[in-house]
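Shown next: input24.pdb, containing PDB, C-alpha atoms, pLDDT in the B column.
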ATOM      1  CA  MET P   1       0.316 -33.347  -1.256  1.00 83.00           C
ATOM      2  CA  LYS P   2       1.260 -29.896  -2.581  1.00 84.00           C
ATOM      3  CA  PHE P   3       2.923 -27.255  -0.409  1.00 82.00           C
ATOM      4  CA  ALA P   4       2.535 -23.476  -0.879  1.00 84.00           C
ATOM      5  CA  ILE P   5       4.234 -20.585   0.912  1.00 79.00           C
ATOM      6  CA  GLY P   6       2.501 -17.212   1.223  1.00 78.00           C
ATOM      7  CA  THR P   7       4.857 -14.251   0.985  1.00 77.00           C
ATOM      8  CA  ALA P   8       2.808 -11.345   2.372  1.00 73.00           C
ATOM      9  CA  GLN P   9       5.112 -11.181   5.426  1.00 70.00           C
ATOM     10  CA  PHE P  10       8.353 -11.339   3.451  1.00 71.00           C
ATOM     11  CA  LYS P  11      10.113  -8.057   4.291  1.00 60.00           C
ATOM     12  CA  GLN P  12       6.947  -6.181   5.306  1.00 61.00           C
ATOM     13  CA  SER P  13       4.618  -6.020   8.296  1.00 63.00           C
ATOM     14  CA  TYR P  14       1.429  -7.919   7.611  1.00 61.00           C
ATOM     15  CA  GLY P  15      -1.307  -9.826   9.372  1.00 57.00           C
ATOM     16  CA  ILE P  16      -2.822  -9.638  12.835  1.00 55.00           C
ATOM     17  CA  LEU P  17       0.530  -9.511  14.608  1.00 54.00           C
ATOM     18  CA  LYS P  18       2.131  -7.210  11.999  1.00 63.00           C
ATOM     19  CA  ASN P  19       5.141  -9.517  11.866  1.00 66.00           C
ATOM     20  CA  ASN P  20       7.579  -9.566   8.998  1.00 68.00           C
ATOM     21  CA  ILE P  21      10.158 -12.084   7.900  1.00 69.00           C
ATOM     22  CA  GLN P  22      13.647 -10.770   7.211  1.00 70.00           C
ATOM     23  CA  LYS P  23      16.072 -11.778   4.416  1.00 72.00           C
ATOM     24  CA  LYS P  24      17.946 -14.281   6.567  1.00 75.00           C
ATOM     25  CA  GLU P  25      14.768 -16.194   7.385  1.00 75.00           C
ATOM     26  CA  ILE P  26      13.433 -15.968   3.824  1.00 72.00           C
ATOM     27  CA  LYS P  27      16.663 -17.477   2.567  1.00 73.00           C
ATOM     28  CA  LYS P  28      16.250 -20.364   5.036  1.00 73.00           C
ATOM     29  CA  ILE P  29      12.669 -20.942   3.911  1.00 72.00           C
ATOM     30  CA  LEU P  30      13.685 -21.074   0.259  1.00 71.00           C
ATOM     31  CA  SER P  31      16.842 -23.099   0.951  1.00 68.00           C
ATOM     32  CA  SER P  32      17.448 -26.806   0.443  1.00 55.00           C
ATOM     33  CA  LYS P  33      15.801 -27.524   3.794  1.00 55.00           C
ATOM     34  CA  PHE P  34      12.457 -26.723   2.175  1.00 56.00           C
ATOM     35  CA  LYS P  35      12.921 -28.323  -1.258  1.00 66.00           C
ATOM     36  CA  LYS P  36       9.326 -29.540  -1.174  1.00 79.00           C
ATOM     37  CA  ILE P  37       7.819 -26.088  -1.801  1.00 82.00           C
ATOM     38  CA  ASP P  38       5.555 -26.407  -4.845  1.00 86.00           C
ATOM     39  CA  PHE P  39       4.064 -22.903  -4.986  1.00 88.00           C
ATOM     40  CA  ILE P  40       4.860 -19.361  -3.903  1.00 84.00           C
ATOM     41  CA  ASP P  41       1.879 -17.070  -3.367  1.00 87.00           C
ATOM     42  CA  THR P  42       2.639 -13.389  -3.946  1.00 84.00           C
ATOM     43  CA  ALA P  43       1.133 -10.108  -5.177  1.00 81.00           C
ATOM     44  CA  LEU P  44       2.284  -6.748  -6.464  1.00 78.00           C
ATOM     45  CA  SER P  45       0.959  -5.214  -3.243  1.00 77.00           C
ATOM     46  CA  TYR P  46       3.377  -7.306  -1.144  1.00 75.00           C
ATOM     47  CA  GLY P  47       6.100  -4.677  -1.354  1.00 70.00           C
ATOM     48  CA  ASN P  48       9.664  -5.527  -2.372  1.00 67.00           C
ATOM     49  CA  SER P  49       9.383  -9.219  -1.494  1.00 66.00           C
ATOM     50  CA  LYS P  50       8.802 -10.201  -5.124  1.00 69.00           C
ATOM     51  CA  PHE P  51      12.189  -8.770  -6.173  1.00 68.00           C
ATOM     52  CA  TYR P  52      13.913 -10.829  -3.485  1.00 70.00           C
ATOM     53  CA  LEU P  53      11.879 -13.889  -4.467  1.00 74.00           C
ATOM     54  CA  ARG P  54      12.816 -13.754  -8.120  1.00 71.00           C
ATOM     55  CA  LYS P  55      16.487 -13.954  -7.168  1.00 71.00           C
ATOM     56  CA  HIS P  56      16.055 -16.983  -4.912  1.00 70.00           C
ATOM     57  CA  LEU P  57      13.321 -19.109  -6.481  1.00 73.00           C
ATOM     58  CA  ASN P  58      14.309 -22.304  -8.186  1.00 71.00           C
ATOM     59  CA  ASN P  59      12.613 -23.196 -11.465  1.00 74.00           C
ATOM     60  CA  LYS P  60      10.542 -25.969  -9.893  1.00 79.00           C
ATOM     61  CA  ILE P  61       8.567 -23.573  -7.685  1.00 83.00           C
ATOM     62  CA  LYS P  62       5.411 -22.350  -9.413  1.00 88.00           C
ATOM     63  CA  ILE P  63       4.322 -18.754  -8.940  1.00 87.00           C
ATOM     64  CA  ILE P  64       0.794 -17.834  -7.916  1.00 91.00           C
ATOM     65  CA  THR P  65       0.240 -14.088  -8.031  1.00 89.00           C
ATOM     66  CA  LYS P  66      -2.647 -11.707  -7.597  1.00 89.00           C
ATOM     67  CA  ILE P  67      -4.101  -8.764  -9.506  1.00 89.00           C
ATOM     68  CA  ASP P  68      -4.600  -5.934  -7.035  1.00 88.00           C
ATOM     69  CA  LYS P  69      -8.011  -4.297  -6.680  1.00 91.00           C
ATOM     70  CA  LEU P  70      -9.241  -3.044 -10.027  1.00 94.00           C
ATOM     71  CA  ILE P  71      -9.993   0.676 -10.234  1.00 94.00           C
ATOM     72  CA  SER P  72     -11.671   0.961 -13.630  1.00 93.00           C
ATOM     73  CA  LYS P  73     -15.433   0.888 -13.932  1.00 92.00           C
ATOM     74  CA  ASP P  74     -16.064  -0.181 -17.529  1.00 95.00           C
ATOM     75  CA  PRO P  75     -15.104  -3.427 -19.340  1.00 96.00           C
ATOM     76  CA  ILE P  76     -12.698  -1.885 -21.859  1.00 96.00           C
ATOM     77  CA  ASN P  77     -10.661  -0.085 -19.195  1.00 96.00           C
ATOM     78  CA  VAL P  78     -10.808  -3.097 -16.856  1.00 96.00           C
ATOM     79  CA  SER P  79      -9.390  -5.230 -19.688  1.00 96.00           C
ATOM     80  CA  LYS P  80      -6.530  -2.767 -20.194  1.00 97.00           C
ATOM     81  CA  GLU P  81      -5.884  -2.549 -16.453  1.00 95.00           C
ATOM     82  CA  ILE P  82      -5.741  -6.346 -16.141  1.00 95.00           C
ATOM     83  CA  GLU P  83      -3.353  -6.579 -19.084  1.00 96.00           C
ATOM     84  CA  VAL P  84      -0.984  -3.984 -17.571  1.00 95.00           C
ATOM     85  CA  LYS P  85      -1.001  -5.744 -14.194  1.00 92.00           C
ATOM     86  CA  VAL P  86      -0.457  -9.195 -15.738  1.00 93.00           C
ATOM     87  CA  ILE P  87       2.473  -8.001 -17.841  1.00 92.00           C
ATOM     88  CA  LYS P  88       4.020  -6.214 -14.856  1.00 89.00           C
ATOM     89  CA  ASN P  89       3.843  -9.431 -12.786  1.00 86.00           C
ATOM     90  CA  PHE P  90       5.272 -11.419 -15.687  1.00 86.00           C
ATOM     91  CA  GLN P  91       8.202  -9.002 -16.059  1.00 87.00           C
ATOM     92  CA  ILE P  92       8.973  -8.962 -12.346  1.00 84.00           C
ATOM     93  CA  PHE P  93       9.584 -12.697 -12.511  1.00 82.00           C
ATOM     94  CA  LYS P  94      11.840 -12.303 -15.558  1.00 80.00           C
ATOM     95  CA  ASN P  95       9.250 -13.475 -18.048  1.00 72.00           C
ATOM     96  CA  LYS P  96       8.706 -16.795 -16.299  1.00 80.00           C
ATOM     97  CA  GLN P  97       5.201 -18.054 -16.981  1.00 85.00           C
ATOM     98  CA  LEU P  98       2.991 -17.592 -13.934  1.00 90.00           C
ATOM     99  CA  TYR P  99       1.260 -20.738 -12.775  1.00 93.00           C
ATOM    100  CA  CYS P 100      -1.884 -19.024 -11.565  1.00 94.00           C
ATOM    101  CA  LEU P 101      -3.281 -15.519 -11.656  1.00 92.00           C
ATOM    102  CA  LEU P 102      -5.806 -14.624  -8.973  1.00 93.00           C
ATOM    103  CA  PHE P 103      -8.085 -11.651  -8.530  1.00 91.00           C
ATOM    104  CA  HIS P 104      -7.075 -10.269  -5.118  1.00 87.00           C
ATOM    105  CA  ASP P 105     -10.556  -8.872  -4.547  1.00 86.00           C
ATOM    106  CA  GLU P 106     -13.400 -11.352  -4.888  1.00 86.00           C
ATOM    107  CA  TYR P 107     -15.713  -8.661  -6.281  1.00 90.00           C
ATOM    108  CA  ASP P 108     -13.321  -8.109  -9.200  1.00 90.00           C
ATOM    109  CA  ALA P 109     -13.931 -11.696 -10.291  1.00 89.00           C
ATOM    110  CA  GLU P 110     -17.409 -10.501 -11.330  1.00 92.00           C
ATOM    111  CA  TRP P 111     -15.697  -8.915 -14.337  1.00 92.00           C
ATOM    112  CA  MET P 112     -15.292 -12.430 -15.752  1.00 90.00           C
ATOM    113  CA  ARG P 113     -18.977 -12.184 -16.697  1.00 92.00           C
ATOM    114  CA  SER P 114     -18.075  -9.444 -19.179  1.00 95.00           C
ATOM    115  CA  LYS P 115     -17.343 -10.821 -22.666  1.00 96.00           C
ATOM    116  CA  ILE P 116     -14.731  -8.095 -23.237  1.00 96.00           C
ATOM    117  CA  VAL P 117     -12.849  -8.870 -20.007  1.00 95.00           C
ATOM    118  CA  LYS P 118     -13.130 -12.623 -20.439  1.00 95.00           C
ATOM    119  CA  LYS P 119     -11.782 -12.343 -23.992  1.00 96.00           C
ATOM    120  CA  LYS P 120      -8.767 -10.322 -22.748  1.00 96.00           C
ATOM    121  CA  ILE P 121      -8.013 -12.843 -19.985  1.00 95.00           C
ATOM    122  CA  LEU P 122      -8.206 -15.756 -22.434  1.00 95.00           C
ATOM    123  CA  GLU P 123      -5.944 -13.846 -24.836  1.00 97.00           C
ATOM    124  CA  LEU P 124      -3.347 -13.321 -22.063  1.00 96.00           C
ATOM    125  CA  LYS P 125      -3.582 -16.989 -21.119  1.00 95.00           C
ATOM    126  CA  LYS P 126      -3.108 -18.014 -24.750  1.00 96.00           C
ATOM    127  CA  LYS P 127       0.034 -15.827 -24.862  1.00 95.00           C
ATOM    128  CA  LYS P 128       1.282 -17.958 -21.940  1.00 93.00           C
ATOM    129  CA  TYR P 129       1.477 -15.239 -19.294  1.00 93.00           C
ATOM    130  CA  PHE P 130      -0.249 -17.665 -16.907  1.00 94.00           C
ATOM    131  CA  LYS P 131      -1.765 -21.158 -16.909  1.00 94.00           C
ATOM    132  CA  LYS P 132      -4.727 -20.802 -14.556  1.00 94.00           C
ATOM    133  CA  ILE P 133      -7.035 -18.045 -13.339  1.00 93.00           C
ATOM    134  CA  GLY P 134      -8.939 -17.782 -10.070  1.00 91.00           C
ATOM    135  CA  VAL P 135      -9.885 -15.598  -7.116  1.00 90.00           C
ATOM    136  CA  SER P 136      -8.351 -15.114  -3.686  1.00 86.00           C
ATOM    137  CA  CYS P 137     -10.930 -14.675  -0.940  1.00 80.00           C
TER     138      CYS P 137
END
Spit out the file's structure as structure tokens when you get a sec.
Amino acid sequence: MKFAIGTAQFKQSYGILKNNIQKKEIKKILSSKFKKIDFIDTALSYGNSKFYLRKHLNNKIKIITKIDKLISKDPINVSKEIEVKVIKNFQIFKNKQLYCLLFHDEYDAEWMRSKIVKKKILELKKKKYFKKIGVSC
């Protein structure tokens, strides 16, 4: 069985209860007590948590991250926007290959039907920015 930890509540209020998890608790979660964590789920929109994560993740934990809602309305600009967001995520985690890249908005996944966008995503995958692509719903 694989085990993933979502990080939306790391250092920011999120969810129904608007709870957040502070540094002390995050450190416990990522400590030796929880060595069986296989994946960390994060996103650029999750505030500063990703900067804390990159300092405390071991190399065995795979990173799943999300592309925030796309703003562009045409395939060429969407392709550029995706590339910028992918590279930003990649750099945040010190150029560690991302395990999986997800569209954070399920409607943005429709862009995969565009040959231009699909070509750009496959190009980024070939450059080893990420291994897998999907959608978060």
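All residues of protein, DNA or RNA that reach within 8 Å of range 118-134 of chain P, judged by only C-alpha atoms and not counting those fewer than 4 positions away in the chain, are Ser79, Ile82, Glu83, Val86, Ile87, Phe90, Lys96, Gln97, Leu98, Tyr99, Cys100, Leu101, Leu102, Phe103, Ala109, Trp111, Met112, Arg113 and Ser114 of chain P.
Of the residues listed (P:Leu53, P:Cys137, P:Ile40, P:Val117), P:Val117 shows the shortest atom-to-atom separation from Ser72 in chain P; distances use all atoms listed in the file.
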Hey, what's within 12 Å of Thr42 in chain P if we count all atoms listed in the file and toss same-chain stuff fewer than 6 positions away? As a ChimeraX atom specification, please? /P:4-10,48-54,62-68,89,92-93,98-104,136
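Taking CA of Lys94 in chain P and CA of Asn77 in chain P as endpoints, the distance between them is 25.9 Å.
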Using CA of Asp105 in chain P and CA of Val135 in chain P as the two end points, give the distance in Å to one decimal.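 Taking CA of Asp105 in chain P as the start and CA of Val135 in chain P as the end point, the length is 7.2 Å.
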Quick one, how far is CA of Leu44 in chain P from CA of Phe3 in chain P?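 Distance between the two atoms: 21.4 Å.
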Please give the centre and size of the box around range 118-126 of chain P (axis-aligned, containing every atom listed in the file, 6 Å added per side), with values in Å to one decimal and written as lines of an AutoDock Vina configuration file.
center_x = -8.1
center_y = -14.2
center_z = -22.4
size_x = 22.0
size_y = 19.7
size_z = 16.9
